[in-house]
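A.B. asks: Supplied in structure tokens, the structure appears directly below.
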2 protein chains.
Amino acid sequence: MSVLQIKYIKSSDNVLDLGCVFQMLRDWVAIESDSSNVQKRPELHRMMETVAQKLQLMGGTVQLVDIGEQELPDGQTLELPKVVTAQFGNDSSKHTVCIYGHVDVQPAKLEDGWATDPYNLTEINGNLYGRGASDNKAPVLAWIHAVEAYQALSMDLPVNVKFVIEGMEETGSNGLDAMIMAQRDTFFSEVDYIIISDCGWLSRRPALTYGTRGNCYFFAEVEGPKQDLHSGVYGGTVIEPMTDLIGILGDPSGKILIPGIREAVAPLSDEEWKMYQDIQFDMDNYKNKIGVNQLMYSNKVDLLAHMWRYPTVSIHGIEGAFSDPGTKTVIPAKVTAKFSIRQVPDMDPAMVKKQVTDYLHSVFAKRKSPNKLKVTMVIGAKPWLADTHHPLYEAGKVAIKRVFNMDPDLIREGGTIPIARTFQDVTGKSIIMMPIGGFDDGLHSQNEKMSRYNYIEGTKLFIAYLNEVSQIKRTSV
Amino acid sequence: MSVLQIKYIKSSDNVLDLGCVFQMLRDWVAIESDSSNVQKRPELHRMMETVAQKLQLMGGTVQLVDIGEQELPDGQTLELPKVVTAQFGNDSSKHTVCIYGHVDVQPAKLEDGWATDPYNLTEINGNLYGRGASDNKAPVLAWIHAVEAYQALSMDLPVNVKFVIEGMEETGSNGLDAMIMAQRDTFFSEVDYIIISDCGWLSRRPALTYGTRGNCYFFAEVEGPKQDLHSGVYGGTVIEPMTDLIGILGDPSGKILIPGIREAVAPLSDEEWKMYQDIQFDMDNYKNKIGVNQLMYSNKVDLLAHMWRYPTVSIHGIEGAFSDPGTKTVIPAKVTAKFSIRQVPDMDPAMVKKQVTDYLHSVFAKRKSPNKLKVTMVIGAKPWLADTHHPLYEAGKVAIKRVFNMDPDLIREGGTIPIARTFQDVTGKSIIMMPIGGFDDGLHSQNEKMSRYNYIEGTKLFIAYLNEVSQIKRTSV
């Protein structure tokens, strides 16, 4: 694939029908594939079948892989969404890349403050608004369109392309680890490189991502009376679970108080410090974007370091308490705080689970409360880190130069792509993260969007990248 | 009305059709008259019209009194539910009682843990389950049926009976104070006594209530980023509103830390202490009922005192944070804690508002957070206290003796009937609280119920009480 051909695609003649491209994203966004809401599970199954059908229509060898069931907190079980695998090309003289993506999404409701229906893709000023548009439906579609572009041009793919598309990423990729292990010596045995496009740029400059944080997500449930009580009638007599819960969440300063966690963090090297200094990052722009006048740190290196390579704790909310508008004079009987701690090298989720559980129980014990505390770690995803000088990254730099005519930022990601670490540990293959999402796409937030520009130019980048990967010398795997 | 006639009603022949009595409660419970949810306002209007129609059909002189609009936190206005006033009898030689009640309810959803649909009255083992069954729809209907019983027996009412039925009690009786003041010299000028039946017994023994706590309900809103953020991407860089909010809620021990509040509480007198000692109250039963093995205090007097005559703080929940089942890795942008402080003599809501607001702002200021704190007091209801030797109470004791053949407990109420204090201050009339709800009715909670026994025997009590009130000597108003 030459630059000329990329330009040809740029003119959008014949190669890809942009109307169809946007309609496909609209169709995918319309499926409420929220993996955290068990009531939406049928939608999620439908999503996986839609992906499989699309890849089959393109002539891929497609499988819907059964990955079993998940156990719910109440002990019930629920069928996991099948994982879609697909293969295009089987030429042993070529490299084989495996593209990983996910088509499940975070929860979204219009009432959360969306300007448009989150499941009705809506274009405003060149941006396509919808839940999952950037995370991760458009990037998955961009890879599909990249394969379609070669097909439309009647060109052989420069590398064999495999797909692994899952539907549980937003809740910790339940079942995928086992599936990768089970297929290590079959589906994954011929794979040379793994490509993930489940993140975003840091600025308007394209980026390659070489690290992500992991995530340990906890439920801390305090249970007291057998049902909710009237706060007038019972206030002053019962030890309220909400009081206990707020009490053990402590006086969080934003710093992590749990012993052992900060000690496990790898020290910041001089090289890393220098690298951060060179990154294009506008603090004022960042502040404006999120609408705050002060950040946790006031200089770029500290801020980037705490975004990427230090752990952090966020309290997401409380289930079981009164959360609607208006007033309700209730003493909630069972309340569950949801919080998560982002993981970085050299933290170990199993150790974090123990540290957090022990700490909360010890703080709770001091309260001498008759209520019951239960701490559960529902997600335990490890961090991931790559070498930016690997040929995969060099090929990425060339492809970005071709399409965007500039060098990429080399960045890390504060968020989690749980499966990156598993791919690395199980398959031993090299991984690259090649984002096409914009820096302001609003992932997990209201008004998530994907710009037309990033979607189309991102598709071109993928087309070019497949070509660059084919140039990598066999020896350098 | 003689004991014989009460017995006549007991046999339920002809006087009141019990089928109709239960169907009416079913019809009223089916109306979702949730006054705290602005989206249910049409239902609330329908509820008030239903009450007015019923009283009109009975031959009362009925008015639907416009009490204006309420201002919502976002600055919009919403029409308040009209207040229903009615009058039966206009004989100047008789006493005139005014019965106050409310037909709005607390929020309820099946998902909150109800065993049956909260808006479909369901009988199980002699209990009638439904939101508002006990608080306060069945007691209002029992008063209506008491008047109907006299009508069915073709007997003149022994006293003139007026009704004031409102639809905003659960959110602080918005608009009613002004209406009472406006009609002080008209509707209320001929009223001798005010009767309220918006509370419950303390045990299986019938009770008369001589005091209630007030309530100051607060919203503490912390606002930070302009929208929700991904906790992976932004965790570690922004000062999270949820962290600030949990931080200023402090490490609540269940005690009130706000300076000035405990100092305002009237001291416990020896007489009061003795009175509490004599009250029938089973601590173990109380613990079993709510399903806890330890209470805030382990002796009866302390417990009753903290239930009735000391202030308490309850944190009801947080709006704006993630409160659904499942996981969501979000940093909520704007979170509002909802908590309330029960008021007792000699606390002053205006002072409490200042104390709470000043305290939270001073704690928040120490955090040096860039986020914004806004504290609002949305309900400010005063406590109320009566003299248990007043003729109204003596008449109540006699009526209870007649119907139940025992002496009542003289109790206070931890909850709030905001309007009691207003009636006292504005009209200068004497008030009695005569509950018919059971001690285990689950007000404001899941599975609220009214027993058939309390509903029917309560109706008889009201029939007998109207007769006893007519015996009060003119001089003792």
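Chain labels follow the order of the structure tokens: the first chain is A, the next B, and so on; residue numbering restarts at 1 in every chain, and ligands are counted from 1 in their shown order.
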May I ask you to extract the residues of chain A within 6 Å of chain B, using only C-alpha atoms, and to give them as a ChimeraX atom specification?
C.D. replies: /A:36,225-226,228-230,232-233,235-239,243,247,251-252,290-292,294-296,306-307,312,316-319,321-324,326-327,330-331,370,414-415,444-445
A.B. asks: Tell me, as a list in words, which residues lie within 10 Å of Ser451 of chain A, counting only C-alpha atoms; anything in the same chain fewer than 4 positions away does not count.
C.D. replies: Glu123, Ile124, Asn125, Gly126, Asn127, Leu128, Tyr129, Ala133, Ser134, Ala138, Ile436, Gly437, Gly438, Asp440, Asp441, Tyr455, Ile456 and Glu457 of chain A
A.B. asks: For the selection just defined, write its residues with N, CA, C and O atoms to a file, as a compact mmCIF listing (two decimals), in the first residue's frame.
C.D. replies:
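Saved to again-v4.txt:
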# COMPACT_ATOMS: atom_id res chain seq x y z
N GLU A 123 -24.48 13.41 14.99
CA GLU A 123 -23.33 14.23 14.55
C GLU A 123 -23.58 15.70 14.82
O GLU A 123 -24.61 16.26 14.44
N ILE A 124 -22.63 16.32 15.51
CA ILE A 124 -22.66 17.76 15.75
C ILE A 124 -21.26 18.30 15.48
O ILE A 124 -20.30 17.85 16.11
N ASN A 125 -21.16 19.21 14.55
CA ASN A 125 -19.86 19.84 14.22
C ASN A 125 -18.74 18.84 13.97
O ASN A 125 -17.63 19.01 14.49
N GLY A 126 -19.02 17.81 13.22
CA GLY A 126 -17.96 16.87 12.86
C GLY A 126 -17.67 15.84 13.92
O GLY A 126 -16.78 15.00 13.76
N ASN A 127 -18.40 15.89 15.05
CA ASN A 127 -18.23 14.88 16.10
C ASN A 127 -19.44 13.95 16.13
O ASN A 127 -20.58 14.40 15.98
N LEU A 128 -19.17 12.65 16.36
CA LEU A 128 -20.22 11.63 16.39
C LEU A 128 -20.44 11.23 17.84
O LEU A 128 -19.61 10.52 18.43
N TYR A 129 -21.54 11.72 18.44
CA TYR A 129 -21.79 11.50 19.86
C TYR A 129 -22.57 10.22 20.09
O TYR A 129 -23.60 9.98 19.45
N ALA A 133 -18.88 5.17 21.18
CA ALA A 133 -18.40 5.64 19.87
C ALA A 133 -16.88 5.57 19.82
O ALA A 133 -16.29 5.01 18.89
N SER A 134 -16.23 6.09 20.87
CA SER A 134 -14.76 6.08 20.89
C SER A 134 -14.23 4.87 21.65
O SER A 134 -13.15 4.37 21.35
N ALA A 138 -15.88 2.50 17.37
CA ALA A 138 -15.32 3.07 16.14
C ALA A 138 -13.92 2.52 15.84
O ALA A 138 -13.63 2.16 14.70
N ILE A 436 -6.64 5.70 18.15
CA ILE A 436 -7.12 6.68 17.18
C ILE A 436 -8.17 7.61 17.80
O ILE A 436 -8.65 8.53 17.16
N GLY A 437 -8.51 7.36 19.07
CA GLY A 437 -9.48 8.22 19.74
C GLY A 437 -8.89 9.59 20.04
O GLY A 437 -7.68 9.72 20.25
N GLY A 438 -9.72 10.61 20.07
CA GLY A 438 -9.26 11.96 20.37
C GLY A 438 -9.01 12.15 21.86
O GLY A 438 -9.51 11.36 22.68
N ASP A 440 -10.16 14.32 23.73
CA ASP A 440 -11.33 14.89 24.42
C ASP A 440 -12.60 14.09 24.10
O ASP A 440 -13.69 14.66 24.00
N ASP A 441 -12.46 12.78 23.98
CA ASP A 441 -13.61 11.97 23.54
C ASP A 441 -14.61 11.67 24.65
O ASP A 441 -15.70 11.17 24.39
N TYR A 455 -11.84 9.17 13.11
CA TYR A 455 -12.38 7.90 12.61
C TYR A 455 -11.81 7.60 11.22
O TYR A 455 -11.27 6.51 10.96
N ILE A 456 -11.85 8.58 10.34
CA ILE A 456 -11.42 8.35 8.95
C ILE A 456 -9.89 8.30 8.85
O ILE A 456 -9.31 7.38 8.25
N GLU A 457 -9.22 9.29 9.47
CA GLU A 457 -7.75 9.28 9.42
C GLU A 457 -7.21 8.07 10.18
O GLU A 457 -6.17 7.51 9.81
A.B. asks: Quick one: residues within 12 Å of Gln53 of chain A, only C-alpha atoms counted, chain neighbours fewer than 6 positions away excluded, as an MDAnalysis selection string?
C.D. replies: chainID A and resid 46:47 59:64 84:86
A.B. asks: Taking the DSSP assignment computed from this structure's backbone, write out as a VMD selection string all residues of segment 78-278 of chain B that belong to helix (DSSP H, G or I).
C.D. replies: chain B and resid 110 to 112 133 to 152 169 to 171 176 to 182 231 to 234 241 to 249 262 to 264 270 to 278
A.B. asks: Check segment 219-335 of chain B with DSSP on the backbone and list each residue it calls strand (DSSP E), as number ranges by chain.
C.D. replies: B: 219-223, 229-230, 313-319, 330-331, 334-335
A.B. asks: Which polymer residues have any atom within 10 Å of an atom of Val147 of chain A, counting only C-alpha atoms, with same-chain residues fewer than 5 positions away left out, as a list in words?
C.D. replies: Met58, Phe88, Leu141, Ala142, Ala152, Met155, Asp156, Leu157, Val161, Thr459, Phe462, Ile463 and Leu466 of chain A
